[in-house]
Amino acid sequence: MLRKVDHRAVRVALASLAFAVLTFSLLPTATAVCDGTDGHVKWLSGIDYTHYPPFGEGSYDAFNLATEARGYVLGATDGWVYSFAVGGPGSLVQIDQALGTQYSDLIVDGAYAYAVGSSELGVYFVGTDGSIDAVGSALLGFVGKLAKSGDFLYITQSTGVLVVDVSDPSDPTVVGSLTVDAQSVAVSGSYLYIGDYISAIDVYDVSAPASPVFVTQVSGLPGEVKRLAVRGNTLFATTNPGGIVSFDVSTPEAPQQLDFLDTGSAGNIEVCGDQLGVNVNGLLVWVDATDPSQLERRGAFPDASLGGAAFFDGVAYVAGGSRLQALQLNSGTNAAPLVASPEWAGARDLHAFDVGPDEFLALRFPSALKILLVTDPWAPVEVASLTFATTRALAVANGHAYLSRQGGFDVVDLSDPYDPVVVGSVSGSFGSQVIPTGSRVYTVDDIELTTLDVSDPSSPNVLGIAELPTFSLEGITTANGMDVYFTDEFEGNITLFRYDVSDPENPAYRADAPIYGIDRPGAMLVADGSLFLGGRTFLTRRNASDLSLVDEEGASAFASGGLYAGPGGSLYSWGGGFHSFDVSSGVEYEFGGVPPAGGGVLGVAGAGELVYVSDNEALYVFGRPCAPAALPDAVGIPGNVLRLRSVPNPAFGPVRLTLEGASAEGASAVASSSSSDYTPTIIEILAPDGRLLRRLTTEDPAGRSVSWDGRDAAGRDVPSGIVYVRWSGALGTATGSVRIVR
């Protein structure tokens, strides 16, 4: 949980501490750096203000984020304006706050932030240390959105647009107004653009700001104009219904439409260089606007409504609803699919299987089971199709397909993939998860677990139905033999359970473990004696017997959509991004090219060196990745890419700190150097205000791992909260953080 840090103390601490996972300049310049994005959107970190308000009690909705000021990200929400230091890719550290009102929009220009909401305009000064001070305000009546040019703000309100002189920030003064239907506003130079609630944009000359002069109107847009944004001579408008419209406004008196990207609807829009971030029905859609006459949808991220965004070095800090999230827009490799087949778009529950020398895919559709021959993956061929009532879930094992559908459960013999046959059925209500293991199949619906015996495929038999002891299962279940695993959420606390279902009607408790850091569990499976549980924030690996922690992968894992255990020790996770892990070594690979633009990844199956992925636009074939995901460079031996891992994290006691990415050659070179040539390894544990809590050292200059007992130099337990770790030695320098839970 973020907490307020006295900016006077932080002023000193920030000079020496970079709060990122990797060494990174804490205070970047105020100019946004928008690296070329490749369409792959990767979740890095997030703060849910519903459960973890930064100060006091209550929840914070309507979070609006502004562009950066003096190297800080500014945010405004229900009653406050906040400043955050950008500590590195995906890392925000809260610095200060100032009292405000329920703001609906926020912009930053130079050292000043301007926020409007309810009936008030607030003006704030942002210090070079990140401090925020309210310097001026004005009561304006109901206000909505704002834009700024020179010394003037243009603010929408219920009756039109107000022109406010802020040349003296302490005394904002209304100097003009327009009576016009206004929902959105943008300004560039001496021209003001106003979007209405119908389907038009009005253009005004504001060379004399107090007396705007009507110039022209652009009408006939697909829907009401939600937001406007200007980049150079291009005006972007979002409409609902409709999408994104671009205009050439090099001649403001005669705007010319350049392109229209149909997204169904579109809301808030933010411009970052040649890229656009657009809110589309709960998705953050990333659009390449390098050529505004050819807008191209490049990628999307679910559950990231866009209240505002700030951009640093390819990372978008996105606010919307009650969440503040960091998304890496140009992360990793962006592997192109070998094949994209739109005729099988929308396939769910992909399963690969082979019969003799031939390889096949089983695909579930809402009312059909389709079989594809993929022996030649560059030319998939549909060889069979069975029609069903509404399907719910599919799994393939033991040469059979197990299908849950409306009104029943079917067993399909796949021994002849060209002529699959339903060999057994049972009537009843079955769940949206089908989990085969041995001679059993488990189906899960809400909190109800149904166990079927499929040892005789022609006569599937319900062994028992039991209600799992959980408050909120949310469908997160998996099974292994006679063991069933599920998550329970109660009052925001998530617990993982293991139950023995040898007696299907009377599940018996075996183990449980609290889960931290996954604010919404998304997928779970058992593979190679381990249980993997993914969610919005990271992927955790547990011992399948006692549920003890084995390993955790941070924000980059993001497995809220699903998990799949592939061949060769590979594990695939998807949600906002799509990733592959070598679970034997923990190395992460990436498939950046999977376009979740059609609504996200729906299914994944692996066969040999190939991976099949489906979304609402196509069925894709990818080659398995052969290179680790790219990581930013850290200071260290040339060729080393360093990352500091903390396990467990969150931690209740001892923590193992490991420097990753140091090459064997580099470590060997350090180990063989003379004692006078190497730098001793020092690990510092620091409080949020920069105070040194503990200093650890390692005897081995090439050492890459050290244990910390969770105590300070005086032997006292470090209290709950975030502590920062700085690793310095001959192998390089890296920083990280650990959340302490007492």
# chains A, B, ... in the order shown; residues from 1 in each chain; ligands from 1

call {"tool": "residues_around", "arguments": {"residues": "range 122-131 of chain A", "least_positions_apart": "5", "cutoff": "7 Å", "atoms": "only C-alpha atoms", "output": "list of chain:residue names"}}
result
A:His7, A:Arg11, A:Arg70, A:Tyr72, A:Ser83, A:Ile95, A:Asp96, A:Ala111, A:Tyr112, A:Ala113, A:Tyr114, A:Ala115, A:Val116, A:Gly136, A:Ser137, A:Ala138, A:Pro169

call {"tool": "residues_around", "arguments": {"residues": "range 706-714 of chain A", "least_positions_apart": "2", "cutoff": "6 Å", "atoms": "only C-alpha atoms", "output": "short mmCIF file (atom, residue, chain, number, x, y, z; two decimals) with C-alpha atoms, in the first residue's frame"}}
result
data_model
loop_
_atom_site.label_atom_id
_atom_site.label_comp_id
_atom_site.auth_asym_id
_atom_site.auth_seq_id
_atom_site.Cartn_x
_atom_site.Cartn_y
_atom_site.Cartn_z
CA GLY A 653 10.04 -13.02 7.68
CA PRO A 654 13.31 -13.95 5.96
CA VAL A 655 13.79 -12.93 2.34
CA ARG A 656 16.17 -14.38 -0.25
CA LEU A 657 17.63 -11.60 -2.41
CA LEU A 693 17.81 0.11 7.95
CA ARG A 694 20.39 -2.63 7.42
CA ARG A 716 14.01 -5.31 15.37
CA ASP A 717 11.43 -6.59 12.88
CA VAL A 718 10.98 -4.08 10.09
#

call {"tool": "residues_around", "arguments": {"residues": "Ser646 in chain A", "least_positions_apart": "4", "cutoff": "9 Å", "atoms": "only C-alpha atoms", "output": "list of chain:residue names"}}
result
A:Glu552, A:Pro650, A:Ala651, A:Val655, A:Arg656, A:Leu657, A:Thr658, A:Gly736, A:Ser737, A:Val738

call {"tool": "residues_around", "arguments": {"residues": "Tyr402 in chain A", "least_positions_apart": "6", "cutoff": "8 Å", "atoms": "only C-alpha atoms", "output": "list in words"}}
result
Leu394, Ala395, Val396, Phe409, Asp410, Val411, Val412, Val434 and Pro436 of chain A

call {"tool": "atom_distance", "arguments": {"atom1": "CA of Phe247 in chain A", "atom2": "CA of Ser219 in chain A"}}
result
12.2 Å

call {"tool": "atom_distance", "arguments": {"atom1": "CA of Asn398 in chain A", "atom2": "CA of Pro380 in chain A"}}
result
23.2 Å

call {"tool": "residues_around", "arguments": {"residues": "range 506-513 of chain A", "least_positions_apart": "5", "cutoff": "12 Å", "atoms": "only C-alpha atoms", "output": "VMD selection string"}}
result
chain A and resid 448 to 451 463 to 470 482 to 488 493 to 501 533 540 542 to 549

call {"tool": "residues_around", "arguments": {"residues": "Ser250 in chain A", "least_positions_apart": "3", "cutoff": "12 Å", "atoms": "only C-alpha atoms", "output": "ChimeraX atom specification"}}
result
/A:188-189,191,230-235,247,253-258

call {"tool": "write_last_selection", "arguments": {"atoms": "all heavy atoms", "output": "CSV table (one decimal), in the first residue's frame"}}
result
chain,number,residue,atom,x,y,z
A,188,SER,N,-5.2,24.4,-30.0
A,188,SER,CA,-3.9,24.4,-30.6
A,188,SER,C,-3.6,25.8,-31.2
A,188,SER,O,-4.3,26.2,-32.1
A,188,SER,CB,-3.8,23.3,-31.7
A,188,SER,OG,-2.5,23.3,-32.3
A,189,GLY,N,-2.5,26.4,-30.6
A,189,GLY,CA,-2.3,27.8,-31.1
A,189,GLY,C,-3.4,28.7,-30.9
A,189,GLY,O,-3.9,28.8,-29.7
A,191,TYR,N,-6.5,28.4,-32.2
A,191,TYR,CA,-7.8,27.8,-32.6
A,191,TYR,C,-8.3,26.8,-31.5
A,191,TYR,O,-7.5,26.0,-31.0
A,191,TYR,CB,-7.6,27.1,-34.0
A,191,TYR,CG,-7.5,28.0,-35.1
A,191,TYR,CD1,-6.3,28.5,-35.5
A,191,TYR,CD2,-8.7,28.5,-35.7
A,191,TYR,CE1,-6.2,29.4,-36.6
A,191,TYR,CE2,-8.6,29.5,-36.8
A,191,TYR,CZ,-7.3,29.9,-37.2
A,191,TYR,OH,-7.2,30.8,-38.2
A,230,VAL,N,-5.2,17.1,-29.9
A,230,VAL,CA,-4.5,17.7,-31.1
A,230,VAL,C,-3.0,17.3,-31.0
A,230,VAL,O,-2.4,17.4,-30.0
A,230,VAL,CB,-4.6,19.3,-31.1
A,230,VAL,CG1,-3.8,19.8,-32.3
A,230,VAL,CG2,-6.1,19.7,-31.2
A,231,ARG,N,-2.5,17.0,-32.2
A,231,ARG,CA,-1.0,16.7,-32.3
A,231,ARG,C,-0.6,17.5,-33.6
A,231,ARG,O,-0.9,17.0,-34.7
A,231,ARG,CB,-0.7,15.3,-32.4
A,231,ARG,CG,0.8,15.0,-32.5
A,231,ARG,CD,1.0,13.5,-33.0
A,231,ARG,NE,0.7,13.4,-34.4
A,231,ARG,CZ,0.5,12.2,-35.0
A,231,ARG,NH1,0.7,11.1,-34.3
A,231,ARG,NH2,0.2,12.1,-36.3
A,232,GLY,N,0.1,18.5,-33.4
A,232,GLY,CA,0.6,19.3,-34.6
A,232,GLY,C,-0.6,19.8,-35.4
A,232,GLY,O,-1.5,20.5,-34.9
A,233,ASN,N,-0.7,19.4,-36.7
A,233,ASN,CA,-1.8,19.8,-37.6
A,233,ASN,C,-2.9,18.7,-37.7
A,233,ASN,O,-3.7,18.7,-38.6
A,233,ASN,CB,-1.3,20.1,-39.0
A,233,ASN,CG,-0.5,21.4,-39.0
A,233,ASN,OD1,-0.8,22.3,-38.3
A,233,ASN,ND2,0.6,21.4,-39.8
A,234,THR,N,-2.9,17.8,-36.7
A,234,THR,CA,-3.9,16.7,-36.8
A,234,THR,C,-4.8,16.8,-35.5
A,234,THR,O,-4.3,16.9,-34.4
A,234,THR,CB,-3.2,15.3,-36.8
A,234,THR,OG1,-2.3,15.3,-37.9
A,234,THR,CG2,-4.3,14.2,-37.0
A,235,LEU,N,-6.1,16.7,-35.8
A,235,LEU,CA,-7.0,16.7,-34.7
A,235,LEU,C,-7.6,15.3,-34.6
A,235,LEU,O,-8.0,14.7,-35.7
A,235,LEU,CB,-8.2,17.7,-34.9
A,235,LEU,CG,-9.4,17.7,-34.0
A,235,LEU,CD1,-9.0,18.1,-32.6
A,235,LEU,CD2,-10.5,18.5,-34.5
A,247,PHE,N,-8.4,14.3,-38.4
A,247,PHE,CA,-8.6,15.4,-39.3
A,247,PHE,C,-7.3,16.2,-39.5
A,247,PHE,O,-6.5,16.4,-38.6
A,247,PHE,CB,-9.7,16.4,-38.7
A,247,PHE,CG,-11.0,15.9,-38.6
A,247,PHE,CD1,-11.4,15.3,-37.4
A,247,PHE,CD2,-12.0,16.0,-39.6
A,247,PHE,CE1,-12.7,14.8,-37.2
A,247,PHE,CE2,-13.3,15.5,-39.4
A,247,PHE,CZ,-13.6,14.9,-38.2
A,253,GLU,N,-9.8,26.7,-41.0
A,253,GLU,CA,-11.1,27.1,-41.5
A,253,GLU,C,-11.7,26.0,-42.3
A,253,GLU,O,-12.9,26.1,-42.6
A,253,GLU,CB,-10.9,28.3,-42.4
A,253,GLU,CG,-10.3,29.6,-41.7
A,253,GLU,CD,-8.8,29.5,-41.5
A,253,GLU,OE1,-8.2,28.5,-42.0
A,253,GLU,OE2,-8.2,30.5,-41.0
A,254,ALA,N,-11.0,25.0,-42.7
A,254,ALA,CA,-11.5,23.9,-43.6
A,254,ALA,C,-10.9,22.6,-43.2
A,254,ALA,O,-10.1,22.0,-43.9
A,254,ALA,CB,-11.3,24.2,-45.0
A,255,PRO,N,-11.2,22.0,-42.0
A,255,PRO,CA,-10.7,20.7,-41.6
A,255,PRO,C,-11.1,19.6,-42.6
A,255,PRO,O,-12.2,19.6,-43.1
A,255,PRO,CB,-11.3,20.5,-40.2
A,255,PRO,CG,-11.7,21.8,-39.8
A,255,PRO,CD,-12.1,22.6,-41.0
A,256,GLN,N,-10.1,18.7,-42.9
A,256,GLN,CA,-10.3,17.7,-43.8
A,256,GLN,C,-10.2,16.3,-43.1
A,256,GLN,O,-9.2,16.1,-42.4
A,256,GLN,CB,-9.3,17.7,-45.0
A,256,GLN,CG,-9.4,19.0,-45.8
A,256,GLN,CD,-10.8,19.1,-46.5
A,256,GLN,OE1,-11.2,18.2,-47.1
A,256,GLN,NE2,-11.3,20.3,-46.4
A,257,GLN,N,-11.2,15.5,-43.2
A,257,GLN,CA,-11.1,14.2,-42.6
A,257,GLN,C,-10.0,13.3,-43.3
A,257,GLN,O,-10.0,13.2,-44.5
A,257,GLN,CB,-12.5,13.4,-42.6
A,257,GLN,CG,-12.4,12.1,-41.9
A,257,GLN,CD,-13.7,11.4,-41.8
A,257,GLN,OE1,-14.8,12.0,-41.7
A,257,GLN,NE2,-13.7,10.0,-41.8
A,258,LEU,N,-9.2,12.7,-42.4
A,258,LEU,CA,-8.1,11.9,-43.0
A,258,LEU,C,-8.5,10.4,-42.9
A,258,LEU,O,-8.2,9.6,-43.8
A,258,LEU,CB,-6.8,12.1,-42.2
A,258,LEU,CG,-6.3,13.5,-42.3
A,258,LEU,CD1,-5.1,13.7,-41.3
A,258,LEU,CD2,-5.8,13.8,-43.7

call {"tool": "atom_distance", "arguments": {"atom1": "CA of Asn480 in chain A", "atom2": "CA of Phe532 in chain A"}}
result
12.4 Å

call {"tool": "closest_residue", "arguments": {"among": "A:Phe490, A:Phe360, A:Trp574, A:Tyr193", "to": "Tyr418 in chain A", "atoms": "only C-alpha atoms"}}
result
A:Phe360

call {"tool": "residues_around", "arguments": {"residues": "Leu178 in chain A", "least_positions_apart": "3", "cutoff": "8 Å", "atoms": "only C-alpha atoms", "output": "PyMOL selection string"}}
result
chain A and resi 160-162+212

call {"tool": "write_last_selection", "arguments": {"atoms": "all heavy atoms", "output": "mmCIF file, in the first residue's frame"}}
result
data_model
loop_
_atom_site.group_PDB
_atom_site.id
_atom_site.type_symbol
_atom_site.label_atom_id
_atom_site.label_comp_id
_atom_site.auth_asym_id
_atom_site.auth_seq_id
_atom_site.Cartn_x
_atom_site.Cartn_y
_atom_site.Cartn_z
ATOM 1 N N GLY A 160 -21.763 25.862 -21.793
ATOM 2 C CA GLY A 160 -20.843 26.224 -22.861
ATOM 3 C C GLY A 160 -19.405 26.083 -22.458
ATOM 4 O O GLY A 160 -19.008 25.110 -21.815
ATOM 5 N N VAL A 161 -18.589 27.077 -22.819
ATOM 6 C CA VAL A 161 -17.155 27.057 -22.548
ATOM 7 C C VAL A 161 -16.758 28.368 -21.887
ATOM 8 O O VAL A 161 -17.151 29.453 -22.354
ATOM 9 C CB VAL A 161 -16.338 26.861 -23.842
ATOM 10 C CG1 VAL A 161 -14.847 26.957 -23.562
ATOM 11 C CG2 VAL A 161 -16.668 25.524 -24.485
ATOM 12 N N LEU A 162 -15.988 28.268 -20.814
ATOM 13 C CA LEU A 162 -15.453 29.448 -20.145
ATOM 14 C C LEU A 162 -14.007 29.661 -20.570
ATOM 15 O O LEU A 162 -13.252 28.704 -20.759
ATOM 16 C CB LEU A 162 -15.495 29.281 -18.626
ATOM 17 C CG LEU A 162 -16.869 29.155 -17.974
ATOM 18 C CD1 LEU A 162 -16.708 28.910 -16.478
ATOM 19 C CD2 LEU A 162 -17.694 30.410 -18.218
ATOM 20 N N PRO A 212 -13.794 34.794 -28.436
ATOM 21 C CA PRO A 212 -13.687 33.762 -29.473
ATOM 22 C C PRO A 212 -14.609 34.057 -30.645
ATOM 23 O O PRO A 212 -15.727 34.555 -30.476
ATOM 24 C CB PRO A 212 -14.110 32.485 -28.739
ATOM 25 C CG PRO A 212 -13.916 32.788 -27.285
ATOM 26 C CD PRO A 212 -14.219 34.248 -27.149
#

call {"tool": "closest_residue", "arguments": {"among": "A:Ala340, A:Leu192, A:Leu221, A:Val164", "to": "Asp615 in chain A", "atoms": "only C-alpha atoms"}}
result
A:Ala340

call {"tool": "select_by_dssp", "arguments": {"residues": "range 359-590 of chain A", "states": "strand (DSSP E)", "output": "MDAnalysis selection string"}}
result
chainID A and resid 359:365 368:373 381:387 391:397 400:405 408:413 421:427 433:437 440:445 448:453 461:467 477:480 483:490 493:500 508:515 521:527 530:535 539:543 549:553 562:565 570:574 578:582 587:590
